[in-house]
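First up is the structure itself, then whatever we jot down about it.
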Amino acid sequence: MVSAGLVLLADLVLRDKHRGWLPAVALSGLGAAVIWTVTLILRDREAVAFGGTYSLDTFSIYFKFLFIGVAGLVILASADYVKKLEHQGEFWALLMLATSGMMLLAGARDLILIFVALELTSICQYALAAFVRDGKASEAGLKYILLGAIASAVTLYGMAFLFGISGTTKLVAVDGGTSIASLVLEGDPGTRAALVAGAVLLAAGLSFKVALVPFQMWVPDVYEGAATPVAAFLSVGSKAAGFAVILRVFYQGFGFGPESFISSDWSNMFAAVAAISMTVGNVMALVQTDIRRLLGYSSIAQAGNIAIGVAAVAAGATTGASGVTFFLATYAFTNLGAFFAILAISQRIGSYRIKDYAGMARRAPILAAVLAFCFVSLTGLPPTAGFVAKIYVFNAAVQSDLAWLVIVGVLNSAISAYYYLRVVRHMYLAEPEDESSFSPTPMLAIALGVTALGVLVVGLVPTPLIDAAQRAVEAL
Amino acid sequence: MLTFLVFFPVVGAILIMTLRREDERYAKVMALCVTGTLLVVSLVLFGLFDRGQEGLQFTEHFRWIREQDAGFDIQYFLGVDGLSLTMVILTTFLFTVAVLISWNVEKRPNEYFAWMLALMTGVMGVFLAQDLIFFFLFWEVELLPMYFLISIWGSGRKEYSAMKFLLFTIAGSALMLAGFLLLAFSAEPSTFDMVALRQADLSNVVLPLPAIFFLIFIGFAVKLPIFPLHTWLPDAHTDAPTAVSVILAGVLLKMGGYGILRIPISIMPDTAQDYAVWLASIAAASILYGAFMTLRQTDLKRLIAYSSVSHMGYVLLGIAALGHVGMTGATLQMFSHGVITGLLFVMVGMIYDRTHTRDINELSGLAHHMPIIATGMILAGLASLGLPAMSGFVAELMVFLGAADRFAAPTIIGVVGILLSAGYVLWMVRRVMFGPKDPRWAELPDATSWWEQIPMAAMLAVIIAVGIYPARLVDVIEQGILPLAARLL
């Protein structure tokens with residue numbers, strides 16, 4: 001069950017002998033994790049381990065596959081990039097460790113385990129962010145560590161509150177004993193204040209992971225400073241892991257809908273944070289000149305979009321939650337695609353400035369087309385996955401009487417169209433300074449192809465992924 | 001057949017883009033083949049259309065997202081009724097005209113004609129889509145080509161104007177999309193199918209219906225455009241190349257009027273009844289404001305642009321009457337204004353091509369040197385002021401008949417607007433066409449090429465044909481309007 005972790009640690013041993021084989025080893029590690037998970041599913045669908053603290057339910061399986069997919073694509077895309085670095089072995093090991101931390105997170109149902117997995121993931125990510133040895137990366141890494149440490153402390157503080165009133169760290173108890181969920185179900189008004197305080201602190205700590213306002217400050221700096229494949233990994237992996245924990249803790253622990261007496265409290269909190277994040281992210285993105293910072297702010301705005309789904313619980317249905325899981329998968333394809341295209345282009349032209357992307361449609365037509373397509377998906381226009389995801393969470397919001405949030409969301413999409421399309425316009429209309437044409441390396445091309453195809457296929461035939469996302473949240 | 005109408009232009013656009021630089025002179029021929037084919041197809045559609053049968057015809061369905069999977073229902077759904085058909089004919093006709101009068105475009109012709117055809121796909125989709133999501137998609141598809149057409153091939157402050165157009169429309173369409181989503185998600189059943197939404201139960205809608213009505217209405221009002229949301233229009237019209245002005249005034253503004261009839265009025269008829277007075281007042285304000293602004297313009301294109309604001313006010317006035325005469329008149333006014341204003345822009349474009357100025361004070365006595373252009377301009381002007389036996393007269397008369405017993409004051413303002421329009425048209429014609437001969441223009445050629453004369457003649461023929469025998473077209477429009485009017489009672 002913790003499968004992945006063990007297999008992947010093997011990387012550390014192998015690292016010095018055959019450097020060229022490391023990505024392949026990492027990929028096969030992921031492959032082994034896939035096989036292992038699949039056999040576990042086939043044998044027993046609902047497994048629980050470590051005294052109920054870790055469960056293999058549809059929810060964790062969905063996220064496992066998501067993380068494996070993300071890690072696999074990042075490995076493919078960064079294979080050539082990493083060759084230029086010292087200490088390649090550590091890069092792969094950190095990447096794999098972070099991934100196994102995320103997989104652990106997806107299944108964790110106990111506050112302690114959640115915290116441990118969260119730290120495992122975070123520490124690897126801090127190191128990855130500062131991996132390239134230059135001033136920018138070090139600054140980004142330091143900022144990330146300091147803010148991350150505060151976020152961890154806040155998370156832990158929230159957990160302490162919950163432990164204090166419940167005497168347990170379990171979100172749900174397998175055997176019907178005390179757990180946070182059972183405490184919420186009792187609905188004792190005396191516990192309310194402490195529960196809400198715990199919820200707020202936990203939400204604050206987790207908001208850091210997913211880049212929600214007001215814990216978003218690190219995002220643009222880290223995206224700009226870190227190596228681009230790392231930024232891609234952080235933007236998607238960290239966000240998906242954070243939201244997985246949010247869903248787990250809030251839906252399963254604090255409960256949703258009429259049964260939970262604090263449901264409307266935390267739902268309102270996420271609705272407000274969603275509206276602010278979308279607006280702040282989009283408005284700040286308007287003035288960016290560096291494409292990585294632009295994606296950083298766009299990632300804050302997208303976190304706001306996803307949080308709409310978290311907030312949409314008033315009806316007591318899991319539509320909002322399935323919207324979140326679905327959105328995360330489409331966002332993974334889209335944002336990875338965008339980052340990979342940027343990696344391929346900027347590695348070649350040696351600049352991340354948007355104005356240096358002028359005329360890219362003529363120099364690298366395929367890369368420009370993939371980037372434009374991913375931006376269309378991020379804007380939320382058909383026929384892309386991003387469009388289906390957006391209207392899916394908007395639907396959830398309408399069902400939960402959050403009409404105002406939908407209006408804010410749609411207006412924000414209009415703002416975002418401006419800066420996404422500005423880049424597209426630059427690539428397609430401006431005259432290039434340098435006419436030389438180029439194409440991506442084969443590995444990167446495969447990764448790009450997979451992401452672009454994913455965005456398109458999910459955009460055209462969304463039903464299978466929607467089904468999977470809905471099955472995933474049934475476990476909550 | 002409808003899918004062909006929607007997507008054939010974009011196929012043509014892709015083919016044109018694949019042309020090599022050396023072959024760029026074939027771009028216009030290919031574009032003409034595409035628009036010509038579509039014109040023929042749409043006329044065949046007009047012939048095959050059964051005026052006696054109620055509801056949508058030639059429908060095409062493809063279910064994309066089902067309610068049981070995702071909680072809402074989206075389908076690829078095209079269909080045509082009298083209202084759509086009128087707009088489709090107008091579209092194919094004016095795009096053919098636009099390609100012809102762009103015959104002398106020298107700058108990057110491949111891209112120019114490709115964008116033009118891409119634009120056509122968006123417009124066609126808007127008029128044929130019967131699903132809100134696809135309607136919105138095509139509505140947005142139209143933006144980018146228009147933006148590029150104005151910002152690359154325009155003149156004057158073209159980038160500013162193009163961006164202003166883009167921002168106004170995007171802001172409007174964001175509100176519209178919010179309205180669509182709120183409406184469709186909270187309707188019972190939850191669907192984006194416009195036909196199903198008309199029967200759907202809207203009692204549990206999350207916002208008050210009037211709020212949703214006006215969210216959607218604003219999106220269309222920007223496009224129509226309605227005072228005070230019109231400020232993008234004079235800039236965009238003035239700086240766009242001639243053919244694009246024709247499309248903009250002739251077809252794109254109609255998307256607004258069509259949308260108002262098709263979506264807010266059809267789906268929320270009771271709300272429309274409650275707020276009809278508001279719509280009529282806005283219409284009257286638009287008519288009067290547009291007409292007064294027109295009077296003080298000195299740039300020919302700006303003058304026509306403001307006159308469009310005024311004329312589109314009649315469309316809204318007819319719609320606000322919410323009766324079948326008024327709404328039929330509004331639709332006919334859209335068709336007729338499309339052709340008339342299209343012709344005016346064509347004529348102004350020809351004058352500008354030759355004299356390189358659009359300033360009314362600079363021009364004079366053109367009728368002496370360019371009799372054909374002068375004839376076209378005068379006839380178009382007369383049609384624009386609503387001379388009997390031309391299409392504008394029939395349309396405006398129907399609007400007034402429809403609106404008179406319901407809104408006396410706005411109708412009277414409308415009639416005053418007609419008087420003003422007679423003023424500005426005749427004054428403009430007198431200053432530009434007559435008056436002292438100007439030696440600067442003496443050597444300039446008249447409209448002698450076939451690609452100038454054919455569109456002119458065709459447009460005049462349509463204006464006069466509809467003016468003398470409107471019944472053929474009115475019958476078709478009524479097929480679309482009658483069921484709507486019946487629901488408004």
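Order determines the names: the first chain of the structure tokens is A, the second B, and so forth; residues in each chain are numbered 1 upward, and ligands are numbered 1 upward as they are shown.
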
Once DSSP has gone over the backbone, tell me which residues of segment 162-339 of chain A are in helix (DSSP H, G or I), as number ranges by chain. A: 162-166, 180-186, 189-210, 218-225, 228-254, 257-259, 263-285, 291-311, 319-339

Give as a PyMOL selection string every residue of chain A that touches chain B within 10 Å, counting only C-alpha atoms. chain A and resi 319+322-323+381-383+388+391-392+394-415+417-418+421+425+429+460-464+466-467+470

Write to file, as a PDB file, in the first residue's frame, the residues of the selection just made, with C-alpha atoms.
ATOM      1  CA  THR A 319     -21.058  17.390  -6.919  1.00  0.00           C
ATOM      2  CA  SER A 322     -16.239  15.569  -7.793  1.00  0.00           C
ATOM      3  CA  GLY A 323     -15.831  18.923  -9.508  1.00  0.00           C
ATOM      4  CA  LEU A 381     -13.093  27.752 -23.608  1.00  0.00           C
ATOM      5  CA  PRO A 382     -14.229  24.666 -25.522  1.00  0.00           C
ATOM      6  CA  PRO A 383     -13.270  22.195 -26.909  1.00  0.00           C
ATOM      7  CA  VAL A 388     -15.738  21.149 -19.011  1.00  0.00           C
ATOM      8  CA  ILE A 391     -18.673  24.624 -16.038  1.00  0.00           C
ATOM      9  CA  TYR A 392     -18.724  21.511 -13.880  1.00  0.00           C
ATOM     10  CA  PHE A 394     -19.941  26.337 -11.721  1.00  0.00           C
ATOM     11  CA  ASN A 395     -22.825  23.891 -11.866  1.00  0.00           C
ATOM     12  CA  ALA A 396     -21.933  22.647  -8.390  1.00  0.00           C
ATOM     13  CA  ALA A 397     -21.911  26.230  -7.146  1.00  0.00           C
ATOM     14  CA  VAL A 398     -25.327  26.970  -8.634  1.00  0.00           C
ATOM     15  CA  GLN A 399     -26.726  23.826  -7.021  1.00  0.00           C
ATOM     16  CA  SER A 400     -25.422  25.133  -3.694  1.00  0.00           C
ATOM     17  CA  ASP A 401     -27.006  28.566  -4.126  1.00  0.00           C
ATOM     18  CA  LEU A 402     -23.681  30.285  -4.720  1.00  0.00           C
ATOM     19  CA  ALA A 403     -24.884  32.291  -7.701  1.00  0.00           C
ATOM     20  CA  TRP A 404     -22.694  35.254  -6.784  1.00  0.00           C
ATOM     21  CA  LEU A 405     -19.614  33.044  -6.875  1.00  0.00           C
ATOM     22  CA  VAL A 406     -20.477  31.927 -10.404  1.00  0.00           C
ATOM     23  CA  ILE A 407     -20.788  35.523 -11.540  1.00  0.00           C
ATOM     24  CA  VAL A 408     -17.428  36.367  -9.961  1.00  0.00           C
ATOM     25  CA  GLY A 409     -15.959  33.262 -11.591  1.00  0.00           C
ATOM     26  CA  VAL A 410     -17.228  34.070 -15.053  1.00  0.00           C
ATOM     27  CA  LEU A 411     -16.063  37.685 -14.864  1.00  0.00           C
ATOM     28  CA  ASN A 412     -12.665  36.400 -13.784  1.00  0.00           C
ATOM     29  CA  SER A 413     -12.544  34.074 -16.761  1.00  0.00           C
ATOM     30  CA  ALA A 414     -13.068  37.093 -18.944  1.00  0.00           C
ATOM     31  CA  ILE A 415     -10.140  38.876 -17.267  1.00  0.00           C
ATOM     32  CA  ALA A 417      -8.809  35.602 -21.337  1.00  0.00           C
ATOM     33  CA  TYR A 418      -7.034  38.906 -21.731  1.00  0.00           C
ATOM     34  CA  LEU A 421      -4.644  35.582 -25.269  1.00  0.00           C
ATOM     35  CA  ARG A 425      -1.351  36.999 -29.877  1.00  0.00           C
ATOM     36  CA  LEU A 429       1.087  37.994 -34.704  1.00  0.00           C
ATOM     37  CA  LEU A 460     -14.311  16.186 -26.319  1.00  0.00           C
ATOM     38  CA  VAL A 461     -15.263  13.069 -24.351  1.00  0.00           C
ATOM     39  CA  PRO A 462     -15.356  14.108 -20.714  1.00  0.00           C
ATOM     40  CA  THR A 463     -17.717  11.391 -19.499  1.00  0.00           C
ATOM     41  CA  PRO A 464     -15.212   8.676 -18.477  1.00  0.00           C
ATOM     42  CA  ILE A 466     -16.264  12.592 -14.852  1.00  0.00           C
ATOM     43  CA  ASP A 467     -17.386   9.080 -13.910  1.00  0.00           C
ATOM     44  CA  GLN A 470     -17.586  10.900  -9.148  1.00  0.00           C
TER      45      GLN A 470
END

Between B:Met17, B:Val315, B:Met268, B:Ala200, single out the one closest to Leu253 of chain B, counting only C-alpha atoms. B:Val315

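If you look at atom CA of Thr325 of chain A and atom CA of Leu128 of chain A, they are 25.5 Å away from each other.
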
Pick out the residues sitting within 8 Å of segment 329-333 of chain A, and hand them over as number ranges by chain; count only C-alpha atoms, and ignore anything fewer than 5 positions along from it in its own chain. A: 66, 70, 236-237, 378, 385-386, 389, 451-452, 454-455, 458

Polymer residues at most 12 Å from Ser436 of chain A, only C-alpha atoms, same-chain spacing of 3 or more positions, as a ChimeraX atom specification: /A:348-349,359-365,432-433,439

Next, the residues of the selection above should be written as a PDB file, in the first residue's frame with N, CA and C atoms.
ATOM      1  N   ARG A 348      15.526  26.892 -25.411  1.00  0.00           N
ATOM      2  CA  ARG A 348      16.150  27.196 -26.672  1.00  0.00           C
ATOM      3  C   ARG A 348      16.470  28.692 -26.811  1.00  0.00           C
ATOM      4  N   ILE A 349      15.480  29.521 -26.481  1.00  0.00           N
ATOM      5  CA  ILE A 349      15.729  30.949 -26.709  1.00  0.00           C
ATOM      6  C   ILE A 349      16.390  31.617 -25.510  1.00  0.00           C
ATOM      7  N   GLY A 359       6.385  35.845 -32.455  1.00  0.00           N
ATOM      8  CA  GLY A 359       6.534  35.083 -33.687  1.00  0.00           C
ATOM      9  C   GLY A 359       6.862  33.625 -33.487  1.00  0.00           C
ATOM     10  N   MET A 360       6.629  33.100 -32.278  1.00  0.00           N
ATOM     11  CA  MET A 360       6.970  31.716 -32.019  1.00  0.00           C
ATOM     12  C   MET A 360       6.186  30.760 -32.925  1.00  0.00           C
ATOM     13  N   ALA A 361       5.024  31.197 -33.373  1.00  0.00           N
ATOM     14  CA  ALA A 361       4.220  30.333 -34.243  1.00  0.00           C
ATOM     15  C   ALA A 361       4.966  30.008 -35.518  1.00  0.00           C
ATOM     16  N   ARG A 362       5.851  30.893 -35.927  1.00  0.00           N
ATOM     17  CA  ARG A 362       6.606  30.616 -37.143  1.00  0.00           C
ATOM     18  C   ARG A 362       7.874  29.826 -36.849  1.00  0.00           C
ATOM     19  N   ARG A 363       8.447  30.053 -35.648  1.00  0.00           N
ATOM     20  CA  ARG A 363       9.705  29.372 -35.341  1.00  0.00           C
ATOM     21  C   ARG A 363       9.470  27.943 -34.864  1.00  0.00           C
ATOM     22  N   ALA A 364       8.462  27.746 -34.044  1.00  0.00           N
ATOM     23  CA  ALA A 364       8.190  26.409 -33.529  1.00  0.00           C
ATOM     24  C   ALA A 364       6.677  26.203 -33.517  1.00  0.00           C
ATOM     25  N   PRO A 365       6.121  25.927 -34.697  1.00  0.00           N
ATOM     26  CA  PRO A 365       4.660  25.927 -34.805  1.00  0.00           C
ATOM     27  C   PRO A 365       3.978  24.952 -33.834  1.00  0.00           C
ATOM     28  N   PRO A 432       8.983  37.708 -35.394  1.00  0.00           N
ATOM     29  CA  PRO A 432      10.082  37.168 -34.591  1.00  0.00           C
ATOM     30  C   PRO A 432      11.371  37.949 -34.834  1.00  0.00           C
ATOM     31  N   GLU A 433      12.213  38.031 -33.779  1.00  0.00           N
ATOM     32  CA  GLU A 433      13.490  38.724 -33.943  1.00  0.00           C
ATOM     33  C   GLU A 433      14.489  37.826 -34.661  1.00  0.00           C
ATOM     34  N   SER A 439      12.627  22.423 -32.790  1.00  0.00           N
ATOM     35  CA  SER A 439      11.574  21.538 -32.291  1.00  0.00           C
ATOM     36  C   SER A 439      12.064  20.909 -30.994  1.00  0.00           C
TER      37      SER A 439
END

Surrounding residues of Met116 of chain B excluding itself and chain neighbours under 5 positions, 10 Å, only C-alpha atoms, as a ChimeraX atom specification: /B:9-10,13,31,95,98-99,110-111,121,142,145-146,148-149,243-244,247

Give me the residues within 8 Å of Gly381 of chain B as a list in words, counting only C-alpha atoms and dropping any in the same chain fewer than 3 places off. Leu344, Met377, Ile378, Ser384, Leu385, Val425, Leu426 and Val429 of chain B

Just N, CA and C atoms for this one: save the residues we selected as a PDB file, in the first residue's frame.
ATOM      1  N   LEU B 344     -24.227  51.220 -47.821  1.00  0.00           N
ATOM      2  CA  LEU B 344     -23.641  52.530 -47.510  1.00  0.00           C
ATOM      3  C   LEU B 344     -22.141  52.403 -47.265  1.00  0.00           C
ATOM      4  N   MET B 377     -24.928  55.658 -53.740  1.00  0.00           N
ATOM      5  CA  MET B 377     -24.927  56.321 -52.441  1.00  0.00           C
ATOM      6  C   MET B 377     -26.282  56.963 -52.166  1.00  0.00           C
ATOM      7  N   ILE B 378     -26.831  57.596 -53.193  1.00  0.00           N
ATOM      8  CA  ILE B 378     -28.103  58.294 -52.973  1.00  0.00           C
ATOM      9  C   ILE B 378     -29.213  57.276 -52.707  1.00  0.00           C
ATOM     10  N   SER B 384     -32.061  54.195 -46.417  1.00  0.00           N
ATOM     11  CA  SER B 384     -31.746  54.311 -45.003  1.00  0.00           C
ATOM     12  C   SER B 384     -32.726  55.226 -44.281  1.00  0.00           C
ATOM     13  N   LEU B 385     -33.211  56.259 -44.953  1.00  0.00           N
ATOM     14  CA  LEU B 385     -34.150  57.142 -44.277  1.00  0.00           C
ATOM     15  C   LEU B 385     -35.572  56.626 -44.366  1.00  0.00           C
ATOM     16  N   VAL B 425     -29.181  62.179 -43.600  1.00  0.00           N
ATOM     17  CA  VAL B 425     -28.844  61.517 -44.866  1.00  0.00           C
ATOM     18  C   VAL B 425     -28.824  62.540 -45.997  1.00  0.00           C
ATOM     19  N   LEU B 426     -29.887  63.329 -46.084  1.00  0.00           N
ATOM     20  CA  LEU B 426     -29.974  64.265 -47.211  1.00  0.00           C
ATOM     21  C   LEU B 426     -28.874  65.314 -47.138  1.00  0.00           C
ATOM     22  N   VAL B 429     -25.664  63.677 -48.274  1.00  0.00           N
ATOM     23  CA  VAL B 429     -25.649  63.482 -49.723  1.00  0.00           C
ATOM     24  C   VAL B 429     -25.434  64.816 -50.432  1.00  0.00           C
TER      25      VAL B 429
END

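Of note, atom CA of Ser307 of chain B and atom CA of Ile287 of chain B are spaced 8.7 Å apart.
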